[in-house]
Structure formats: structure tokens, C-alpha cells
$ cat protein.cif   # mmCIF, C-alpha atoms
data_query
#
loop_
_atom_site.label_atom_id
_atom_site.label_comp_id
_atom_site.auth_asym_id
_atom_site.auth_seq_id
_atom_site.Cartn_x
_atom_site.Cartn_y
_atom_site.Cartn_z
CA MET E 1 -2.64 -18.45 -17.63
CA GLN E 2 -5.64 -19.68 -15.74
CA ASN E 3 -8.59 -17.39 -15.34
CA LYS E 4 -11.54 -19.53 -14.25
CA LYS E 5 -12.56 -20.09 -10.67
CA LEU E 6 -12.29 -23.58 -9.27
CA SER E 7 -15.40 -25.70 -9.01
CA GLU E 8 -16.42 -27.19 -5.65
CA GLU E 9 -15.29 -30.60 -6.86
CA GLU E 10 -11.89 -29.26 -7.84
CA ILE E 11 -11.51 -27.62 -4.46
CA GLN E 12 -12.40 -30.86 -2.72
CA LYS E 13 -9.79 -32.64 -4.81
CA PHE E 14 -7.25 -30.00 -4.00
CA MET E 15 -7.94 -30.19 -0.26
CA GLN E 16 -7.44 -33.94 -0.43
CA GLY E 17 -4.26 -33.41 -2.45
CA CYS E 18 -2.99 -30.97 0.19
CA GLU E 19 -3.56 -33.47 2.93
CA ASP E 20 -1.80 -36.22 0.97
CA LEU E 21 1.12 -33.92 0.28
CA MET E 22 1.53 -32.99 3.93
CA ARG E 23 1.28 -36.61 4.97
CA LEU E 24 4.00 -37.38 2.46
CA GLY E 25 6.16 -34.69 4.03
CA ASN E 26 5.76 -36.35 7.41
CA LYS E 27 6.55 -39.70 5.84
CA PHE E 28 9.80 -38.32 4.40
CA THR E 29 10.89 -37.02 7.79
CA THR E 30 10.00 -40.36 9.39
CA SER E 31 12.09 -42.18 6.76
CA ILE E 32 15.04 -39.91 7.54
CA ARG E 33 14.72 -40.66 11.25
CA GLN E 34 14.56 -44.39 10.51
CA ALA E 35 17.68 -44.12 8.35
CA VAL E 36 19.54 -42.52 11.26
CA THR E 37 18.45 -45.31 13.58
CA GLU E 38 19.67 -47.89 11.08
CA LEU E 39 22.99 -46.14 10.65
CA LYS E 40 23.48 -46.05 14.41
CA SER E 41 22.64 -49.73 14.70
CA THR E 42 25.65 -50.43 12.46
CA TYR E 43 27.95 -47.82 13.94
CA ASP E 44 27.36 -48.51 17.62
CA PRO E 45 28.61 -52.13 17.66
CA ALA E 46 31.54 -51.24 15.41
CA LEU E 47 32.59 -48.39 17.68
CA LYS E 48 32.29 -50.60 20.73
CA SER E 49 34.54 -53.23 19.18
CA GLN E 50 38.28 -53.43 19.65
CA TYR E 51 38.94 -52.76 15.99
CA VAL E 52 38.70 -48.99 16.35
CA GLU E 53 41.09 -46.80 18.35
CA SER E 54 39.42 -45.10 21.30
CA ALA E 55 40.32 -41.62 20.04
CA VAL E 56 38.57 -42.32 16.75
CA VAL E 57 35.60 -43.76 18.62
CA GLU E 58 35.32 -40.57 20.61
CA LEU E 59 35.63 -38.31 17.59
CA LEU E 60 33.21 -40.31 15.51
CA THR E 61 30.67 -40.54 18.32
CA ARG E 62 30.81 -36.80 18.85
CA SER E 63 30.45 -36.10 15.12
CA LEU E 64 27.49 -38.43 14.88
CA GLN E 65 25.79 -36.85 17.87
CA ASP E 66 26.39 -33.39 16.48
CA PHE E 67 24.97 -34.39 13.12
CA GLU E 68 21.97 -36.07 14.71
CA LYS E 69 21.19 -32.95 16.73
CA LYS E 70 21.24 -30.72 13.66
CA LEU E 71 19.19 -33.22 11.71
CA GLU E 72 16.54 -33.48 14.41
CA ALA E 73 16.26 -29.71 14.85
CA ASN E 74 15.66 -29.22 11.14
CA LEU E 75 13.33 -32.21 10.84
CA GLU E 76 11.19 -30.73 13.60
CA GLY E 77 10.88 -27.56 11.54
CA ILE E 78 9.85 -29.53 8.46
CA ASP E 79 7.33 -31.50 10.51
CA THR E 80 5.82 -28.26 11.80
CA ILE E 81 5.47 -26.94 8.26
CA CYS E 82 3.84 -30.16 7.12
CA THR E 83 1.36 -30.38 9.98
CA LYS E 84 0.47 -26.88 11.12
CA GLY E 85 1.35 -25.20 7.82
CA GLY E 86 -0.91 -27.60 5.93
CA LYS E 87 -3.78 -26.83 8.27
CA TRP E 88 -3.34 -23.11 7.72
CA PHE E 89 -3.51 -23.57 3.96
CA SER E 90 -6.74 -25.54 4.26
CA PHE E 91 -8.14 -23.00 6.67
CA TYR E 92 -7.46 -20.04 4.40
CA LEU E 93 -8.66 -21.82 1.29
CA GLY E 94 -11.81 -22.84 3.14
CA ARG E 95 -12.41 -19.25 4.19
CA ALA E 96 -11.82 -17.96 0.67
CA VAL E 97 -14.31 -20.46 -0.72
CA GLU E 98 -16.81 -19.68 2.02
CA LYS E 99 -16.70 -15.98 1.10
CA GLU E 100 -17.12 -16.88 -2.53
CA PHE E 101 -20.24 -18.93 -1.89
CA SER E 102 -21.76 -16.69 0.76
CA GLY E 103 -22.42 -14.11 -1.96
CA GLN E 104 -25.00 -16.44 -3.54
CA PRO E 105 -26.59 -18.53 -0.77
CA ALA E 106 -28.32 -21.73 -1.77
CA PRO E 107 -32.07 -21.95 -1.11
CA GLY E 108 -32.19 -23.98 2.13
CA GLY E 109 -28.88 -22.77 3.45
CA ARG E 110 -25.35 -23.18 2.24
CA SER E 111 -23.99 -26.07 0.23
CA ALA E 112 -22.57 -29.10 1.99
CA GLU E 113 -19.08 -28.19 0.78
CA VAL E 114 -19.24 -24.72 2.32
CA GLN E 115 -20.49 -26.17 5.59
CA MET E 116 -17.61 -28.59 5.55
CA PHE E 117 -15.13 -25.77 5.03
CA GLU E 118 -16.77 -23.80 7.82
CA ALA E 119 -16.31 -26.73 10.13
CA ARG E 120 -12.58 -26.41 9.68
CA ARG E 121 -11.35 -24.66 12.77
CA GLU E 122 -8.65 -22.07 12.75
CA PRO E 123 -5.42 -23.86 13.56
CA THR E 124 -3.56 -22.87 16.67
CA GLN E 125 -0.79 -20.34 16.19
CA LEU E 126 1.90 -21.53 13.84
CA THR E 127 5.26 -20.93 15.38
CA ILE E 128 8.40 -22.28 13.87
CA HIS E 129 11.27 -21.22 16.04
CA PRO E 130 13.95 -20.00 13.69
CA ARG E 131 16.29 -20.08 16.69
CA PRO E 132 19.51 -21.92 16.09
CA LEU E 133 18.35 -24.11 13.21
CA ALA E 134 19.97 -22.30 10.31
CA LYS E 135 22.97 -21.41 12.39
CA LYS E 136 23.44 -24.89 13.72
CA ALA E 137 23.50 -26.60 10.39
CA GLY E 138 25.39 -23.84 8.70
CA VAL E 139 28.44 -24.42 10.84
CA MET L 1 -9.66 1.72 3.50
CA SER L 2 -12.38 -0.26 1.70
CA THR L 3 -13.30 -3.86 2.58
CA THR L 4 -12.27 -5.08 -0.88
CA GLN L 5 -8.89 -3.48 -0.49
CA GLN L 6 -8.52 -4.99 2.95
CA SER L 7 -9.38 -8.51 1.81
CA GLN L 8 -7.11 -8.05 -1.21
CA GLU L 9 -4.32 -7.20 1.19
CA SER L 10 -5.03 -10.15 3.44
CA VAL L 11 -4.94 -12.50 0.42
CA ASP L 12 -1.62 -11.03 -0.64
CA ARG L 13 -0.34 -11.38 2.90
CA PHE L 14 -1.39 -15.02 2.99
CA LEU L 15 0.21 -15.79 -0.36
CA LYS L 16 3.41 -14.10 0.81
CA ALA L 17 3.34 -16.01 4.10
CA SER L 18 2.83 -19.34 2.33
CA GLU L 19 5.75 -18.55 0.05
CA GLU L 20 7.92 -17.82 3.08
CA LEU L 21 6.79 -21.01 4.79
CA MET L 22 7.79 -23.05 1.77
CA ARG L 23 11.12 -21.24 1.58
CA MET L 24 11.63 -22.13 5.23
CA GLY L 25 11.04 -25.79 4.40
CA GLU L 26 13.69 -25.56 1.71
CA THR L 27 16.06 -23.92 4.20
CA PHE L 28 15.49 -26.71 6.72
CA SER L 29 16.18 -29.39 4.15
CA GLY L 30 19.19 -27.41 2.92
CA ASN L 31 20.50 -27.32 6.49
CA ILE L 32 20.20 -31.10 6.71
CA ASP L 33 22.07 -31.39 3.44
CA VAL L 34 24.89 -29.19 4.75
CA ALA L 35 25.02 -31.13 8.03
CA LEU L 36 25.19 -34.41 6.10
CA GLU L 37 28.01 -33.09 3.95
CA GLY L 38 29.91 -31.97 7.06
CA PHE L 39 29.51 -35.33 8.74
CA LYS L 40 30.59 -37.10 5.56
CA MET L 41 33.77 -35.05 5.36
CA ARG L 42 34.73 -35.87 8.94
CA LEU L 43 33.79 -39.52 8.55
CA ASP L 44 35.91 -39.83 5.39
CA ALA L 45 38.91 -38.49 7.26
CA TYR L 46 38.45 -40.96 10.13
CA LEU L 47 37.91 -43.90 7.81
CA LYS L 48 41.05 -43.10 5.85
CA SER L 49 43.16 -43.04 8.99
CA HIS L 50 45.10 -46.06 10.26
CA PHE L 51 43.32 -46.05 13.57
CA LEU L 52 40.70 -48.56 12.64
CA GLU L 53 40.71 -51.93 10.92
CA LYS L 54 40.29 -51.90 7.16
CA ALA L 55 37.29 -54.24 7.25
CA VAL L 56 35.53 -52.06 9.80
CA ALA L 57 36.26 -48.94 7.77
CA GLU L 58 34.78 -50.60 4.68
CA MET L 59 31.68 -51.66 6.56
CA LEU L 60 31.15 -48.19 8.00
CA ALA L 61 31.70 -46.59 4.60
CA GLN L 62 29.16 -48.92 3.02
CA SER L 63 26.58 -48.20 5.72
CA PHE L 64 27.09 -44.50 5.35
CA SER L 65 26.74 -44.64 1.60
CA GLU L 66 23.34 -46.37 1.93
CA PHE L 67 22.34 -43.88 4.58
CA GLU L 68 23.33 -40.93 2.41
CA LEU L 69 21.26 -42.22 -0.49
CA GLU L 70 18.23 -42.66 1.73
CA ILE L 71 18.57 -39.18 3.21
CA ARG L 72 19.04 -37.49 -0.15
CA THR L 73 16.04 -39.27 -1.68
CA ASN L 74 13.83 -38.14 1.18
CA LEU L 75 15.24 -34.62 1.14
CA ASP L 76 14.43 -34.43 -2.57
CA GLY L 77 10.85 -35.33 -1.72
CA ILE L 78 10.66 -32.65 0.96
CA ASN L 79 12.11 -30.09 -1.42
CA LYS L 80 9.52 -31.00 -4.01
CA ILE L 81 6.72 -30.51 -1.50
CA CYS L 82 8.14 -27.12 -0.63
CA THR L 83 8.61 -25.98 -4.21
CA GLU L 84 5.90 -27.61 -6.35
CA GLY L 85 3.51 -28.13 -3.43
CA GLY L 86 3.81 -24.47 -2.50
CA GLN L 87 3.06 -23.43 -6.07
CA TRP L 88 -0.04 -25.62 -6.04
CA TYR L 89 -1.29 -23.96 -2.88
CA ALA L 90 -0.87 -20.53 -4.39
CA PHE L 91 -2.50 -21.66 -7.63
CA CYS L 92 -5.57 -23.21 -6.01
CA PHE L 93 -5.98 -20.45 -3.49
CA GLY L 94 -5.70 -17.79 -6.16
CA SER L 95 -8.02 -19.67 -8.54
CA ALA L 96 -10.62 -20.09 -5.81
CA LEU L 97 -10.66 -16.30 -5.59
CA GLY L 98 -10.87 -15.96 -9.36
CA ARG L 99 -7.37 -14.59 -9.69
CA GLN L 100 -5.11 -15.13 -12.66
CA VAL L 101 -2.54 -17.62 -11.45
CA ARG L 102 -0.05 -19.58 -13.48
CA PRO L 103 -0.49 -23.31 -12.77
CA PRO L 104 2.61 -25.26 -11.70
CA ALA L 105 4.38 -27.20 -14.43
CA SER L 106 3.47 -30.66 -13.13
CA ALA L 107 -0.11 -31.81 -13.72
CA ASP L 108 -0.43 -33.97 -10.63
CA PRO L 109 1.16 -32.56 -7.48
CA ALA L 110 1.32 -35.81 -5.54
CA GLN L 111 2.22 -38.23 -8.32
CA ASP L 112 6.01 -37.97 -8.44
CA LEU L 113 6.24 -37.71 -4.69
CA LYS L 114 4.26 -40.87 -4.12
CA ALA L 115 6.62 -42.78 -6.39
CA LYS L 116 9.52 -41.35 -4.48
CA THR L 117 8.16 -42.30 -1.08
CA ARG L 118 7.76 -45.86 -2.21
CA SER L 119 11.34 -46.05 -3.37
CA ALA L 120 12.59 -44.22 -0.29
CA SER L 121 10.80 -46.40 2.20
CA SER L 122 11.59 -49.62 0.39
CA GLY L 123 15.29 -48.72 0.27
#
$ encode --input "protein.cif" --output "C-alpha cells"
Amino acid sequence: MQNKKLSEEEIQKFMQGCEDLMRLGNKFTTSIRQAVTELKSTYDPALKSQYVESAVVELLTRSLQDFEKKLEANLEGIDTICTKGGKWFSFYLGRAVEKEFSGQPAPGGRSAEVQMFEARREPTQLTIHPRPLAKKAGV
Amino acid sequence: MSTTQQSQESVDRFLKASEELMRMGETFSGNIDVALEGFKMRLDAYLKSHFLEKAVAEMLAQSFSEFELEIRTNLDGINKICTEGGQWYAFCFGSALGRQVRPPASADPAQDLKAKTRSASSG
């Protein structure tokens, strides 16, 4: 169990860590999109060749499109979490820290760290549309 | 209602919301996993049929197998962000407020993930 409050330096490190983590999340989704593009670059010529029956081409193309649609819908959700969600975390942490420090103001104003946190603007409304995402992929 | 109680409630609400957000991330990646599994099942059936040349079927199967590995590696990374990353948020946020919070098991939240990204993007 941890009982001590975080120091300003630890908070700075954490904020940086948060940002890195969210960037990693975006990187993972980008890698997935790239993988799909690569897969399609192999499948497209093969399906256009004469070595595959047209019925199979049609079925496979439809399956791939269906899969791609589900993938993209869910990746968008993950992207939203990693971008907007990350900003919300920073915003709330910044506010919590600000409150903490405002109880004991430094002699010529607040510390640089607190000012930095204050500068963080409230992110715009986070809306992840739960619409057909779960349903789509659950089929 | 006192101000302390109000702020206590807003902290709890935030922690709950962050937990839900992370769960949502896991759901999204789970959905991708299910969709991948579904596509794989259909693809297997097509590739086993006699309606395409054996060499083409082999090539498509090989491509898909590489694709699947890439997707699963990246999904693992996303899951880790949503599970361990989420725990780190709660830990740091709670600690900043002087609350008793159990730290996540891993010492460095970004370490494993960084290693994973490298392998995922090089693959």
C-alpha cells in the first residue's frame, strides 16, 4: 500500500509517461491499419487473377470488407480513448495537483509546475459512440 | 453537502469513469479479436475448397498468418495500455490526492509496451 503523496517531479514523470502511453496506443492502431493494407496488397492481385473462382472471389472480398469495417470502427474507438481520454486524465490530474498546491501558495505566486498544469485546457467533450461497435464485431 | 464531500465524490466519479474508459478500450480490442477470428474461420473454409489453385491458397494462408500475428501483437499492446495503463492512472491520481492506492504490479508502465511496439512495427 502506498500512502505518500507524489512529489512534483514524480507527477511530471507520470504526465510524461501518460503521454508516451497514449502515443503508443495510437502507434498500435496505426500498425494494425498498416497490416490490413499489407494484407490487401497480397489479396487483391490474387483475387483478380484467374486462379480463383469468381464465386470465391466474391465471398472473400465481402468477408474482407466486412472484417475491415468492424476493425476500423473499433480502432476509431481505441484512437478516441488514446487521444481524448489521455487528455482528460492529464486534465484531472493537473486539477487535483493544482488544488493540492493552492492550499500553500509559494511566496511570489504558484510554482512553475502548478502554472504548467493550469495551462492545460479542459479537453473538448469526450464522446465515444457506443453505437454499433460491440454489436458489429460480436456478430 | 460539504465541499470536501463534493470533491470526494467528483474524485470517485472520475476514477470510476477512467475505469469504464479502460474497460471500453478492452471491449474494442476484444471486438477486433472476435472479428479477426470470424474472418479467419471463413477464410479457412474458402482456402480449403477446390475453387482456387493450391499455390494461391498457400500464399493467401501465409499472408493471413503473418497478418494475424501482427494484429494480435498490437492488440496485446492495446490491452496492456487499457489494463496496466489504467491502473497507473488511478494510482497516480489517487496518490496525488494523498489517497491509499495500491500501485500496479509492473514498475515501469511504458517499458514492456515500448519493447512490444518495436517488435510489432518491425514485423
$ atom_distance --input "protein.cif" --atom1 "CA of Phe67 in chain E" --atom2 "CA of Phe39 in chain L"
6.4 Å
$ closest_atom_pairs --input "protein.cif" --of "range 10-58 of chain E" --to "range 19-28 of chain L" --cutoff "12 Å" --atoms "all atoms listed in the file" --output "tab-separated table"
residue	atom	partner	partner_atom	distance
E:Met22	CA	L:Gly25	CA	11.9
E:Gly25	CA	L:Gly25	CA	10.2
E:Thr29	CA	L:Phe28	CA	11.3
$ atom_distance --input "protein.cif" --atom1 "CA of Glu84 in chain L" --atom2 "CA of Phe89 in chain E"
14.5 Å
$ closest_residue --input "protein.cif" --among "L:Gln100, L:Thr73, L:Ser49, L:Gln62" --to "chain E" --atoms "only C-alpha atoms"
L:Gln100
$ closest_residue --input "protein.cif" --among "E:Leu47, E:Cys18, E:Ala35, E:Val56" --to "Ser65 in chain L" --atoms "only C-alpha atoms"
E:Ala35
$ resolve_selection --input "protein.cif" --expression "the PyMOL selection byres ((chain E and resi 31) around 8)" --output "number ranges by chain"
E: 27-30, 32-35; L: 70-71, 74, 120-121
$ atom_distance --input "protein.cif" --atom1 "CA of Asp79 in chain E" --atom2 "CA of Ser41 in chain E"
24.2 Å
$ resolve_selection --input "protein.cif" --expression "the PyMOL selection byres ((chain L and resi 89) around 9)" --output "ChimeraX atom specification"
/E:14,18,89,93 /L:15,18,84-88,90-94
$ closest_residue --input "protein.cif" --among "L:Val34, L:Ala61, L:Ala45, L:Ala17" --to "chain E" --atoms "all atoms listed in the file"
L:Val34
$ closest_residue --input "protein.cif" --among "E:Glu68, E:Glu53, E:Glu8, E:Glu19" --to "chain L" --atoms "all atoms listed in the file"
E:Glu53
$ build_atoms --input "protein.cif" --residues "range 40-64 of chain L" --atoms "N, CA and C atoms" --output "PDB file, in the coordinates of the input"
ATOM      1  N   LYS L  40      29.917 -36.247   6.539  1.00  0.00           N
ATOM      2  CA  LYS L  40      30.590 -37.100   5.560  1.00  0.00           C
ATOM      3  C   LYS L  40      32.089 -36.772   5.463  1.00  0.00           C
ATOM      4  N   MET L  41      32.368 -35.478   5.465  1.00  0.00           N
ATOM      5  CA  MET L  41      33.770 -35.050   5.360  1.00  0.00           C
ATOM      6  C   MET L  41      34.594 -35.568   6.544  1.00  0.00           C
ATOM      7  N   ARG L  42      34.005 -35.423   7.742  1.00  0.00           N
ATOM      8  CA  ARG L  42      34.730 -35.870   8.940  1.00  0.00           C
ATOM      9  C   ARG L  42      34.872 -37.396   8.939  1.00  0.00           C
ATOM     10  N   LEU L  43      33.767 -38.057   8.573  1.00  0.00           N
ATOM     11  CA  LEU L  43      33.790 -39.520   8.550  1.00  0.00           C
ATOM     12  C   LEU L  43      34.862 -40.035   7.580  1.00  0.00           C
ATOM     13  N   ASP L  44      34.917 -39.428   6.391  1.00  0.00           N
ATOM     14  CA  ASP L  44      35.910 -39.830   5.390  1.00  0.00           C
ATOM     15  C   ASP L  44      37.320 -39.769   5.960  1.00  0.00           C
ATOM     16  N   ALA L  45      37.577 -38.671   6.673  1.00  0.00           N
ATOM     17  CA  ALA L  45      38.910 -38.490   7.260  1.00  0.00           C
ATOM     18  C   ALA L  45      39.216 -39.596   8.267  1.00  0.00           C
ATOM     19  N   TYR L  46      38.226 -39.913   9.119  1.00  0.00           N
ATOM     20  CA  TYR L  46      38.450 -40.960  10.130  1.00  0.00           C
ATOM     21  C   TYR L  46      38.673 -42.316   9.460  1.00  0.00           C
ATOM     22  N   LEU L  47      37.847 -42.580   8.441  1.00  0.00           N
ATOM     23  CA  LEU L  47      37.910 -43.900   7.810  1.00  0.00           C
ATOM     24  C   LEU L  47      39.208 -44.102   7.027  1.00  0.00           C
ATOM     25  N   LYS L  48      39.799 -42.993   6.607  1.00  0.00           N
ATOM     26  CA  LYS L  48      41.050 -43.100   5.850  1.00  0.00           C
ATOM     27  C   LYS L  48      42.256 -43.218   6.782  1.00  0.00           C
ATOM     28  N   SER L  49      42.027 -42.970   8.056  1.00  0.00           N
ATOM     29  CA  SER L  49      43.160 -43.040   8.990  1.00  0.00           C
ATOM     30  C   SER L  49      43.532 -44.512   9.264  1.00  0.00           C
ATOM     31  N   HIS L  50      44.646 -44.694   9.966  1.00  0.00           N
ATOM     32  CA  HIS L  50      45.100 -46.060  10.260  1.00  0.00           C
ATOM     33  C   HIS L  50      44.637 -46.506  11.644  1.00  0.00           C
ATOM     34  N   PHE L  51      43.719 -45.740  12.199  1.00  0.00           N
ATOM     35  CA  PHE L  51      43.320 -46.050  13.570  1.00  0.00           C
ATOM     36  C   PHE L  51      42.118 -46.973  13.686  1.00  0.00           C
ATOM     37  N   LEU L  52      41.740 -47.526  12.576  1.00  0.00           N
ATOM     38  CA  LEU L  52      40.700 -48.560  12.640  1.00  0.00           C
ATOM     39  C   LEU L  52      40.958 -49.611  11.565  1.00  0.00           C
ATOM     40  N   GLU L  53      40.488 -50.811  11.837  1.00  0.00           N
ATOM     41  CA  GLU L  53      40.710 -51.930  10.920  1.00  0.00           C
ATOM     42  C   GLU L  53      40.085 -51.650   9.564  1.00  0.00           C
ATOM     43  N   LYS L  54      40.750 -52.160   8.525  1.00  0.00           N
ATOM     44  CA  LYS L  54      40.290 -51.900   7.160  1.00  0.00           C
ATOM     45  C   LYS L  54      38.868 -52.434   6.943  1.00  0.00           C
ATOM     46  N   ALA L  55      38.612 -53.615   7.455  1.00  0.00           N
ATOM     47  CA  ALA L  55      37.290 -54.240   7.250  1.00  0.00           C
ATOM     48  C   ALA L  55      36.186 -53.409   7.908  1.00  0.00           C
ATOM     49  N   VAL L  56      36.502 -52.887   9.089  1.00  0.00           N
ATOM     50  CA  VAL L  56      35.530 -52.060   9.800  1.00  0.00           C
ATOM     51  C   VAL L  56      35.293 -50.762   9.029  1.00  0.00           C
ATOM     52  N   ALA L  57      36.375 -50.191   8.544  1.00  0.00           N
ATOM     53  CA  ALA L  57      36.260 -48.940   7.770  1.00  0.00           C
ATOM     54  C   ALA L  57      35.382 -49.165   6.548  1.00  0.00           C
ATOM     55  N   GLU L  58      35.584 -50.289   5.882  1.00  0.00           N
ATOM     56  CA  GLU L  58      34.780 -50.600   4.680  1.00  0.00           C
ATOM     57  C   GLU L  58      33.310 -50.749   5.040  1.00  0.00           C
ATOM     58  N   MET L  59      33.064 -51.435   6.135  1.00  0.00           N
ATOM     59  CA  MET L  59      31.680 -51.660   6.560  1.00  0.00           C
ATOM     60  C   MET L  59      30.997 -50.325   6.910  1.00  0.00           C
ATOM     61  N   LEU L  60      31.715 -49.487   7.628  1.00  0.00           N
ATOM     62  CA  LEU L  60      31.150 -48.190   8.000  1.00  0.00           C
ATOM     63  C   LEU L  60      30.907 -47.321   6.775  1.00  0.00           C
ATOM     64  N   ALA L  61      31.844 -47.387   5.831  1.00  0.00           N
ATOM     65  CA  ALA L  61      31.700 -46.590   4.600  1.00  0.00           C
ATOM     66  C   ALA L  61      30.481 -47.052   3.810  1.00  0.00           C
ATOM     67  N   GLN L  62      30.301 -48.355   3.742  1.00  0.00           N
ATOM     68  CA  GLN L  62      29.160 -48.920   3.020  1.00  0.00           C
ATOM     69  C   GLN L  62      27.826 -48.496   3.668  1.00  0.00           C
ATOM     70  N   SER L  63      27.789 -48.606   4.985  1.00  0.00           N
ATOM     71  CA  SER L  63      26.580 -48.200   5.720  1.00  0.00           C
ATOM     72  C   SER L  63      26.268 -46.734   5.486  1.00  0.00           C
ATOM     73  N   PHE L  64      27.316 -45.923   5.523  1.00  0.00           N
ATOM     74  CA  PHE L  64      27.090 -44.500   5.350  1.00  0.00           C
ATOM     75  C   PHE L  64      26.601 -44.191   3.942  1.00  0.00           C
TER      76      PHE L  64
END
